[in-house]
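Coordinates as given in target35.tsv (TSV, C-alpha atoms and all ligand atoms):
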chain	number	residue	atom	x	y	z
A	1306	MET	CA	120.76	44.77	84.48
A	1307	THR	CA	118.60	47.84	83.90
A	1308	VAL	CA	119.81	50.05	81.10
A	1309	LEU	CA	118.84	53.67	81.60
A	1310	GLN	CA	117.89	55.38	78.39
A	1311	ARG	CA	117.69	59.08	77.71
A	1312	GLN	CA	114.12	60.13	77.08
A	1313	PRO	CA	113.49	60.97	73.41
A	1314	SER	CA	113.67	64.73	72.95
A	1315	HIS	CA	110.16	64.95	71.41
A	1316	ASP	CA	108.68	63.48	74.64
A	1317	LEU	CA	110.64	65.96	76.71
A	1318	GLY	CA	109.51	68.76	74.42
A	1319	ARG	CA	105.85	67.76	74.88
A	1320	ARG	CA	106.21	67.53	78.66
A	1321	LEU	CA	107.97	70.88	78.72
A	1322	GLY	CA	105.23	72.54	76.65
A	1323	ARG	CA	102.51	71.16	78.94
A	1324	LEU	CA	104.33	72.19	82.11
A	1325	LYS	CA	105.03	75.67	80.78
A	1326	ARG	CA	101.31	76.17	80.19
A	1327	GLN	CA	100.31	74.67	83.57
A	1328	ARG	CA	102.85	76.71	85.52
A	1329	ARG	CA	102.49	79.86	83.36
A	1330	ALA	CA	106.26	79.72	82.97
A	1331	ALA	CA	108.87	81.32	80.75
A	1332	ILE	CA	112.32	79.87	80.14
A	1333	LEU	CA	115.15	82.38	80.06
A	1334	ALA	CA	118.58	81.09	79.06
A	1335	HIS	CA	122.06	82.57	79.08
A	1336	ASN	CA	124.17	82.70	75.92
A	1337	TYR	CA	126.49	80.08	77.48
A	1338	GLN	CA	123.81	77.38	77.92
A	1339	LEU	CA	123.76	74.01	76.11
A	1340	ALA	CA	122.24	74.23	72.61
A	1341	GLU	CA	119.23	72.09	73.67
A	1342	VAL	CA	118.45	74.53	76.50
A	1343	GLN	CA	118.87	77.62	74.29
A	1344	ASP	CA	116.57	76.09	71.67
A	1345	ALA	CA	113.84	75.46	74.28
A	1346	ALA	CA	114.07	78.97	75.75
A	1347	ASP	CA	111.69	81.89	75.25
A	1348	VAL	CA	114.57	84.34	75.59
A	1349	VAL	CA	118.33	83.84	75.18
A	1350	GLY	CA	120.70	86.62	76.20
A	1351	ASP	CA	123.21	87.93	78.71
A	1352	SER	CA	122.33	88.14	82.40
A	1353	LEU	CA	121.11	91.72	82.23
A	1354	ALA	CA	119.02	91.21	79.10
A	1355	ILE	CA	117.34	88.15	80.58
A	1356	ALA	CA	116.69	89.89	83.92
A	1357	ARG	CA	115.10	92.81	82.02
A	1358	GLN	CA	113.09	90.44	79.82
A	1359	ALA	CA	111.86	88.69	82.95
A	1360	ARG	CA	109.83	91.85	83.66
A	1361	ARG	CA	108.19	91.81	80.24
A	1362	VAL	CA	107.23	88.16	79.83
A	1363	GLU	CA	103.67	87.27	80.85
A	1364	ALA	CA	104.70	84.55	83.24
A	1365	GLU	CA	104.25	83.77	86.90
A	1366	THR	CA	107.26	81.47	86.95
A	1367	ILE	CA	110.68	82.05	85.46
A	1368	VAL	CA	113.05	79.17	84.83
A	1369	LEU	CA	116.46	80.81	84.81
A	1370	CYS	CA	118.96	78.67	82.91
A	1371	GLY	CA	122.34	80.10	83.80
A	1372	VAL	CA	124.28	80.23	87.07
A	1373	HIS	CA	123.14	81.19	90.56
A	1374	PHE	CA	123.92	84.93	90.53
A	1375	MET	CA	121.86	85.34	87.34
A	1376	ALA	CA	118.81	83.81	89.01
A	1377	GLU	CA	119.36	86.09	92.01
A	1378	THR	CA	119.50	89.13	89.73
A	1379	ALA	CA	116.26	88.07	88.00
A	1380	LYS	CA	114.59	87.59	91.42
A	1381	ILE	CA	115.85	90.96	92.72
A	1382	LEU	CA	114.43	92.75	89.67
A	1383	ASN	CA	111.21	90.67	89.67
A	1384	PRO	CA	110.44	89.90	93.31
A	1385	GLU	CA	106.82	88.96	92.62
A	1386	ARG	CA	107.77	86.10	90.27
A	1387	THR	CA	108.75	82.58	91.25
A	1388	VAL	CA	112.31	82.01	89.98
A	1389	LEU	CA	113.34	78.38	89.49
A	1390	VAL	CA	116.73	76.99	88.46
A	1391	PRO	CA	117.29	73.60	86.81
A	1392	ASP	CA	120.34	72.81	88.99
A	1393	ALA	CA	120.95	74.43	92.38
A	1394	ASN	CA	124.65	73.53	92.12
A	1395	ALA	CA	125.23	75.72	89.06
A	1396	GLY	CA	127.33	78.34	90.80
A	1397	CYS	CA	130.02	80.77	89.65
A	1398	PRO	CA	133.58	80.36	91.03
A	1399	LEU	CA	134.35	83.96	90.05
A	1400	ALA	CA	131.39	85.25	92.10
A	1401	ASP	CA	132.60	83.13	95.03
A	1402	MET	CA	135.99	84.87	94.97
A	1403	VAL	CA	134.56	87.83	96.89
A	1404	THR	CA	132.50	87.24	100.02
A	1405	SER	CA	130.41	89.89	101.73
A	1406	GLN	CA	132.65	89.57	104.83
A	1407	ALA	CA	135.85	90.22	102.85
A	1408	LEU	CA	134.25	93.13	101.03
A	1409	ALA	CA	132.97	94.67	104.29
A	1410	GLU	CA	136.55	94.53	105.66
A	1411	ALA	CA	137.99	96.13	102.51
A	1412	LYS	CA	135.39	98.91	102.76
A	1413	ARG	CA	136.38	99.57	106.37
A	1414	ASP	CA	140.04	99.85	105.30
A	1415	TRP	CA	139.20	102.09	102.37
A	1416	PRO	CA	136.10	104.14	103.21
A	1417	GLU	CA	136.57	106.76	100.48
A	1418	ALA	CA	136.49	104.19	97.62
A	1419	ALA	CA	133.41	103.62	95.47
A	1420	VAL	CA	132.67	99.91	95.15
A	1421	VAL	CA	131.80	98.77	91.62
A	1422	CYS	CA	130.68	95.15	91.47
A	1423	TYR	CA	130.55	93.08	88.34
A	1424	VAL	CA	127.20	91.33	87.88
A	1425	ASN	CA	129.09	88.04	88.52
A	1426	SER	CA	128.74	88.48	92.28
A	1427	SER	CA	126.34	87.35	94.99
A	1428	ALA	CA	123.31	89.41	96.03
A	1429	ALA	CA	125.04	89.97	99.40
A	1430	VAL	CA	128.07	91.51	97.64
A	1431	LYS	CA	125.85	93.63	95.40
A	1432	ALA	CA	124.09	94.87	98.54
A	1433	LEU	CA	127.44	96.23	99.82
A	1434	SER	CA	128.33	97.86	96.50
A	1435	ASP	CA	127.66	101.40	95.27
A	1436	ILE	CA	126.94	100.39	91.73
A	1437	CYS	CA	126.81	97.21	89.66
A	1438	CYS	CA	128.12	96.74	86.10
A	1439	THR	CA	128.11	94.15	83.36
A	1440	SER	CA	130.83	93.55	80.80
A	1441	SER	CA	128.67	95.57	78.34
A	1442	ASN	CA	128.55	98.75	80.42
A	1443	ALA	CA	131.57	98.52	82.79
A	1444	VAL	CA	133.41	101.37	81.00
A	1445	ARG	CA	130.35	103.67	81.19
A	1446	VAL	CA	129.73	102.76	84.85
A	1447	VAL	CA	133.34	103.55	85.83
A	1448	GLU	CA	133.20	106.81	83.86
A	1449	SER	CA	130.09	107.82	85.86
A	1450	ILE	CA	132.18	107.93	89.06
A	1451	PRO	CA	134.02	111.22	89.79
A	1452	ALA	CA	137.59	110.99	88.42
A	1453	GLU	CA	139.20	111.77	91.77
A	1454	GLN	CA	137.29	109.07	93.70
A	1455	PRO	CA	139.18	105.76	94.02
A	1456	ILE	CA	137.35	102.64	92.83
A	1457	LEU	CA	137.40	99.16	94.27
A	1458	PHE	CA	136.36	96.89	91.40
A	1459	VAL	CA	135.10	93.42	92.44
A	1460	PRO	CA	135.57	90.55	91.75
A	1461	ASP	CA	137.07	90.21	88.23
A	1462	ALA	CA	140.65	91.51	87.95
A	1463	SER	CA	140.83	90.96	84.16
A	1464	LEU	CA	137.71	93.05	83.52
A	1465	GLY	CA	138.95	95.59	86.08
A	1466	ASP	CA	142.35	95.88	84.30
A	1467	TYR	CA	140.65	96.22	80.93
A	1468	VAL	CA	138.32	98.97	82.18
A	1469	ALA	CA	141.18	100.80	83.94
A	1470	ARG	CA	143.12	100.82	80.66
A	1471	ARG	CA	140.11	101.92	78.58
A	1472	THR	CA	139.22	104.75	80.97
A	1473	GLY	CA	142.78	105.72	81.97
A	1474	ARG	CA	141.75	105.34	85.65
A	1475	GLY	CA	144.95	104.90	87.65
A	1476	ASN	CA	142.86	104.89	90.85
A	1477	LEU	CA	140.88	101.71	90.03
A	1478	VAL	CA	141.97	98.77	92.17
A	1479	PRO	CA	140.79	95.38	90.92
A	1480	TRP	CA	139.93	92.59	93.36
A	1481	PRO	CA	142.09	89.51	92.59
A	1482	GLY	CA	139.28	87.30	91.24
A	1483	TYR	CA	139.13	85.60	87.86
A	1484	CYS	CA	136.93	83.34	85.75
A	1485	PRO	CA	138.60	79.90	85.55
A	1486	THR	CA	136.90	79.19	82.22
A	1487	HIS	CA	138.02	82.40	80.49
A	1488	HIS	CA	141.53	82.04	81.92
A	1489	ARG	CA	141.87	78.65	80.21
A	1490	ILE	CA	142.04	80.51	76.91
A	1491	LEU	CA	145.75	81.11	76.23
A	1492	PRO	CA	147.56	83.25	73.65
A	1493	GLU	CA	148.82	80.06	71.93
A	1494	HIS	CA	145.23	78.90	71.38
A	1495	VAL	CA	144.45	82.19	69.63
A	1496	ALA	CA	147.68	82.02	67.59
A	1497	ALA	CA	146.94	78.42	66.48
A	1498	ARG	CA	143.40	79.33	65.38
A	1499	ARG	CA	144.70	82.38	63.52
A	1500	GLU	CA	147.04	80.15	61.53
A	1501	GLU	CA	144.17	77.80	60.68
A	1502	TYR	CA	141.82	80.65	59.73
A	1503	PRO	CA	143.93	83.49	58.31
A	1504	GLY	CA	141.86	86.65	58.01
A	1505	ALA	CA	139.41	85.62	60.74
A	1506	GLN	CA	138.55	88.30	63.29
A	1507	VAL	CA	139.44	87.52	66.90
A	1508	CYS	CA	136.56	88.42	69.28
A	1509	VAL	CA	137.55	88.38	72.96
A	1510	HIS	CA	135.56	88.67	76.18
A	1511	PRO	CA	137.18	91.05	78.71
A	1512	GLU	CA	137.19	88.31	81.38
A	1513	CYS	CA	140.08	86.76	79.39
A	1514	LEU	CA	143.75	87.15	80.33
A	1515	PRO	CA	145.21	90.57	79.35
A	1516	ASP	CA	147.61	88.83	76.88
A	1517	VAL	CA	144.59	87.33	75.10
A	1518	VAL	CA	142.70	90.64	75.15
A	1519	ALA	CA	145.79	92.24	73.55
A	1520	MET	CA	145.39	89.89	70.53
A	1521	ALA	CA	141.77	90.90	69.89
A	1522	ASP	CA	140.29	92.60	66.85
A	1523	PHE	CA	137.16	93.16	68.93
A	1524	VAL	CA	136.65	93.12	72.72
A	1525	GLY	CA	133.16	92.90	74.17
A	1526	SER	CA	130.53	91.18	76.26
A	1527	THR	CA	128.52	88.29	74.82
A	1528	SER	CA	125.78	90.62	73.55
A	1529	GLN	CA	128.39	92.95	72.01
A	1530	ILE	CA	130.16	90.01	70.31
A	1531	ILE	CA	126.79	88.81	68.94
A	1532	ARG	CA	126.05	92.27	67.52
A	1533	HIS	CA	129.58	92.66	66.14
A	1534	VAL	CA	129.52	89.33	64.28
A	1535	ALA	CA	126.10	90.16	62.77
A	1536	GLU	CA	127.19	93.61	61.59
A	1537	SER	CA	130.78	92.91	60.51
A	1538	ALA	CA	131.67	92.34	56.87
A	1539	ALA	CA	134.26	89.73	57.89
A	1540	GLU	CA	133.50	86.10	56.99
A	1541	ALA	CA	135.17	84.22	59.85
A	1542	PHE	CA	135.42	84.84	63.59
A	1543	ILE	CA	137.52	83.21	66.33
A	1544	ILE	CA	135.39	83.36	69.47
A	1545	CYS	CA	137.28	83.73	72.76
A	1546	THR	CA	134.65	83.25	75.44
A	1547	GLU	CA	132.55	80.35	76.76
A	1548	GLY	CA	131.78	78.08	73.81
A	1549	GLY	CA	127.97	78.04	74.28
A	1550	ILE	CA	127.71	81.37	72.50
A	1551	CYS	CA	128.84	79.70	69.24
A	1552	HIS	CA	125.47	77.93	68.90
A	1553	ARG	CA	123.61	81.23	68.75
A	1554	LEU	CA	126.25	82.84	66.50
A	1555	ARG	CA	125.99	79.97	63.99
A	1556	GLN	CA	122.18	80.07	64.00
A	1557	ALA	CA	122.11	83.82	63.41
A	1558	ASN	CA	124.93	83.92	60.83
A	1559	PRO	CA	124.63	80.83	58.58
A	1560	GLY	CA	126.96	82.28	55.94
A	1561	LYS	CA	129.80	83.01	58.37
A	1562	THR	CA	132.44	80.74	59.90
A	1563	ILE	CA	132.32	80.68	63.69
A	1564	VAL	CA	135.37	79.10	65.33
A	1565	GLU	CA	135.51	78.16	69.02
A	1566	VAL	CA	138.99	79.18	70.19
A	1567	SER	CA	139.42	76.13	72.47
A	1568	ARG	CA	137.22	73.34	73.80
A	1569	LEU	CA	138.81	74.14	77.18
A	1570	ALA	CA	136.61	77.25	77.36
A	1571	THR	CA	133.60	75.26	78.54
A	1572	CYS	CA	132.04	76.33	81.84
A	1573	PRO	CA	131.13	73.19	83.80
A	1574	ASN	CA	128.56	75.11	85.84
A	1575	MET	CA	126.71	76.51	82.84
A	1576	LYS	CA	126.59	73.00	81.41
A	1577	ARG	CA	124.92	71.53	84.51
A	1578	ASN	CA	121.54	72.64	83.16
A	1579	THR	CA	120.02	70.09	80.78
A	1580	LEU	CA	116.60	69.89	79.16
A	1581	GLU	CA	115.63	67.08	81.56
A	1582	LYS	CA	116.46	69.27	84.54
A	1583	VAL	CA	114.41	72.13	83.08
A	1584	VAL	CA	111.42	69.75	82.92
A	1585	TRP	CA	112.08	68.39	86.43
A	1586	CYS	CA	112.32	71.84	88.06
A	1587	LEU	CA	108.96	72.77	86.55
A	1588	GLU	CA	107.44	69.48	87.72
A	1589	GLU	CA	108.81	69.88	91.26
A	1590	ARG	CA	108.54	73.69	91.37
A	1591	ALA	CA	112.08	73.53	92.81
A	1592	PRO	CA	114.82	74.53	93.36
A	1593	GLU	CA	113.43	78.03	93.90
A	1594	VAL	CA	115.77	81.00	94.30
A	1595	ARG	CA	114.93	83.48	97.05
A	1596	VAL	CA	116.82	86.57	98.18
A	1597	PRO	CA	116.17	87.95	101.69
A	1598	GLU	CA	114.28	91.26	101.29
A	1599	ALA	CA	116.84	93.33	103.25
A	1600	VAL	CA	119.62	92.11	100.92
A	1601	ALA	CA	117.46	92.42	97.80
A	1602	ARG	CA	116.53	96.04	98.60
A	1603	ARG	CA	120.15	97.16	98.82
A	1604	ALA	CA	121.31	95.02	95.89
A	1605	ARG	CA	118.45	96.45	93.77
A	1606	ARG	CA	119.77	99.96	94.48
A	1607	ALA	CA	123.21	99.04	93.02
A	1608	ILE	CA	121.58	97.39	89.98
A	1609	GLU	CA	119.16	100.26	89.38
A	1610	ARG	CA	121.97	102.79	89.64
A	1611	MET	CA	123.69	100.83	86.87
A	1612	LEU	CA	120.50	100.81	84.76
A	1613	GLU	CA	120.33	104.62	85.04
A	1614	VAL	CA	123.86	104.82	83.58
A	1615	GLY	CA	122.70	102.49	80.81
B	1701	LIG	O1	126.56	89.51	81.85
B	1701	LIG	C1	126.67	88.33	81.57
B	1701	LIG	O2	125.73	87.63	81.30
B	1701	LIG	C2	128.01	87.72	81.56
B	1701	LIG	C3	128.42	87.05	82.79
B	1701	LIG	C4	128.81	87.80	80.52
B	1701	LIG	C5	128.44	88.41	79.25
B	1701	LIG	O3	129.30	89.02	78.62
B	1701	LIG	O4	127.30	88.32	78.83
Please, can you express the file's structure as structure tokens?
Amino acid sequence: MTVLQRQPSHDLGRRLGRLKRQRRAAILAHNYQLAEVQDAADVVGDSLAIARQARRVEAETIVLCGVHFMAETAKILNPERTVLVPDANAGCPLADMVTSQALAEAKRDWPEAAVVCYVNSSAAVKALSDICCTSSNAVRVVESIPAEQPILFVPDASLGDYVARRTGRGNLVPWPGYCPTHHRILPEHVAARREEYPGAQVCVHPECLPDVVAMADFVGSTSQIIRHVAESAAEAFIICTEGGICHRLRQANPGKTIVEVSRLATCPNMKRNTLEKVVWCLEERAPEVRVPEAVARRARRAIERMLEVG
């Protein structure tokens, strides 16, 4: 019987280094990636930060380690670069909860509404939207829309509810989508961790259930949580978002205690990307992510409108 063995990581590292030079490639990884992928990356950040960085790196090829919509966003903002993904099946169930057909119908029923789409959406949905947002700037984006204009917020209802409460917008209607990973975090998980770590600050991503958000000492996107933990005087933090972020938080804050709220908050799609697959996609120059130009042009408008808001 043949026993398959994992290749030693130093061999993989050497192959990766050689391929990166040959392909003039940069590896950009999301905060939710496996530790081994984050450690091999040139840039680690949220989807917007990595899409912006993609413009700055001196590379012809970008390996985008995240989920599909992130690679699309990087391609839309950097159409001249080749964008590869380690695993073509790394999708986002939240993004799939709004299709372009369903959104087109909703727009026909509600023509006066401005459509705000969370970055967790397909390029085709972004192309039908007036403006995009991330969890870092969703409040500012919504505030940039005239108060009297109704807003259709797609696809994340938890983020939509949070933004409606923060901005006092009674005319914001959230699409009924949700992130299955963030919704696995329950109030009892937070309560149990609080008992174990009295005095720890609870940091919550706004994709979480409203009852979990209500327990937070700090609510923010991954980049905002990273900044908050670095700047806070507190010594311990209970992290209520996808667990991959804890690797970066521990590296950056060796003196602080970083507690994952629940092992259930692991995104199976984010974890599809492994170091082996990063090497393979560079070897094969595939899978490559492409966005049809007509879709990309309109999606870019929604993203650039967001970038103007900041
Ligand atoms: O914008 C991103 O990358 C996502 C999906 C979440 C976050 O808070 O960074």
10 Å contact set for Ala1354 of chain A, only C-alpha atoms, chain neighbours under 4 positions out, as a list in words: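 Those residues are Leu1333, His1335, Val1348, Val1349, Gly1350, Gln1358, Ala1359, Ala1379 and Ser1528 of chain A.
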Within 9 Å of ligand LIG 1701 (chain B), counting all atoms listed in the file, residues as a VMD selection string: chain A and resid 1335 to 1337 1350 to 1355 1371 1375 1423 to 1425 1438 to 1441 1510 to 1512 1525 to 1530 1546
Export of the given selection (C-alpha atoms) as a JSON list (two decimals), in the coordinates of the input:
[["chain", "number", "residue", "atom", "x", "y", "z"],
["A", 1335, "HIS", "CA", 122.06, 82.57, 79.08],
["A", 1336, "ASN", "CA", 124.17, 82.70, 75.92],
["A", 1337, "TYR", "CA", 126.49, 80.08, 77.48],
["A", 1350, "GLY", "CA", 120.70, 86.62, 76.20],
["A", 1351, "ASP", "CA", 123.21, 87.93, 78.71],
["A", 1352, "SER", "CA", 122.33, 88.14, 82.40],
["A", 1353, "LEU", "CA", 121.11, 91.72, 82.23],
["A", 1354, "ALA", "CA", 119.02, 91.21, 79.10],
["A", 1355, "ILE", "CA", 117.34, 88.15, 80.58],
["A", 1371, "GLY", "CA", 122.34, 80.10, 83.80],
["A", 1375, "MET", "CA", 121.86, 85.34, 87.34],
["A", 1423, "TYR", "CA", 130.55, 93.08, 88.34],
["A", 1424, "VAL", "CA", 127.20, 91.33, 87.88],
["A", 1425, "ASN", "CA", 129.09, 88.04, 88.52],
["A", 1438, "CYS", "CA", 128.12, 96.74, 86.10],
["A", 1439, "THR", "CA", 128.11, 94.15, 83.36],
["A", 1440, "SER", "CA", 130.83, 93.55, 80.80],
["A", 1441, "SER", "CA", 128.67, 95.57, 78.34],
["A", 1510, "HIS", "CA", 135.56, 88.67, 76.18],
["A", 1511, "PRO", "CA", 137.18, 91.05, 78.71],
["A", 1512, "GLU", "CA", 137.19, 88.31, 81.38],
["A", 1525, "GLY", "CA", 133.16, 92.90, 74.17],
["A", 1526, "SER", "CA", 130.53, 91.18, 76.26],
["A", 1527, "THR", "CA", 128.52, 88.29, 74.82],
["A", 1528, "SER", "CA", 125.78, 90.62, 73.55],
["A", 1529, "GLN", "CA", 128.39, 92.95, 72.01],
["A", 1530, "ILE", "CA", 130.16, 90.01, 70.31],
["A", 1546, "THR", "CA", 134.65, 83.25, 75.44]]
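Using only C-alpha atoms for every distance, the candidate list A:Val1517, A:Asp1316, A:Gln1338, A:Ala1599 yields A:Gln1338 as the residue closest to Glu1547 of chain A.
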Given all atoms listed in the file as the counted atoms, nearest of A:Arg1471, A:Lys1561, A:Arg1595, A:Lys1582 to Val1388 of chain A: A:Arg1595
Of the listed residues A:Ile1490, A:Ile1450, A:Cys1397, A:Ile1608, that which approaches Thr1472 of chain A most closely, counting only C-alpha atoms: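 Smallest separation from Thr1472 of chain A among the options: A:Ile1450.
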Separation of atom CA of Met1575 of chain A from atom CA of Ala1443 of chain A, in Å and rounded to one decimal: 22.5 Å
Answer as a VMD selection string, residues within 10 Å of (108.4, 90.0, 90.9) using only C-alpha atoms: chain A and resid 1359 to 1360 1365 to 1367 1379 to 1388
List every protein, DNA or RNA residue that has an atom no more than 6 Å from (110.0, 73.7, 76.6) in the file's coordinate frame, counting all atoms listed in the file, and report them as a PDB file with C-alpha atoms, in the frame of the given file.
ATOM      1  CA  GLY A1318     109.510  68.760  74.420  1.00  0.00           C
ATOM      2  CA  LEU A1321     107.970  70.880  78.720  1.00  0.00           C
ATOM      3  CA  GLY A1322     105.230  72.540  76.650  1.00  0.00           C
ATOM      4  CA  ALA A1345     113.840  75.460  74.280  1.00  0.00           C
TER       5      ALA A1345
END
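Remark: for Ala1604 of chain A, the closest of the candidate residues A:Ala1407, A:Ala1429, A:Cys1513, A:Leu1317 is A:Ala1429 (distances computed over only C-alpha atoms).
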Closest of A:Ser1434, A:Ser1463, A:Thr1562, A:Asn1394 to Val1507 of chain A - atom-to-atom distances counting all atoms listed in the file: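 Using all atoms listed in the file, Val1507 of chain A sits closest to A:Thr1562.
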Residue contacts of Val1444 of chain A (7 Å, all atoms listed in the file) excluding same-chain residues fewer than 2 positions away, as a list in words: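 Near neighbours after the sequence-gap exclusion: Asn1442, Val1446, Val1447, Glu1448, Val1468 and Thr1472 of chain A.
The two atoms in question, atom CA of Ser1426 of chain A and atom CA of Val1459 of chain A, are spaced 8.1 Å apart.
Closest to Ala1538 of chain A among A:Val1421, A:Leu1457, A:Val1566, A:Ala1505 is A:Ala1505, based on all atoms listed in the file.
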Interatomic distance, atom CA of His1488 of chain A to atom CA of Arg1555 of chain A (Å, one decimal): 23.8 Å
Within 6 Å of Gly1482 of chain A using only C-alpha atoms, minus same-chain residues under 3 positions, as a list in words: Met1402, Pro1460, Asp1461 and Ala1462 of chain A
Who sits within 12 Å of Pro1559 of chain A, only C-alpha atoms, same chain under 5 positions skipped, as a PyMOL selection string: chain A and resi 1534-1535+1540-1541+1551-1554
Spatial neighbours of Val1509 of chain A, 7 Å, all atoms listed in the file, chain gap at least 3 places, as a PyMOL selection string: chain A and resi 1518+1521+1523-1525+1544-1546
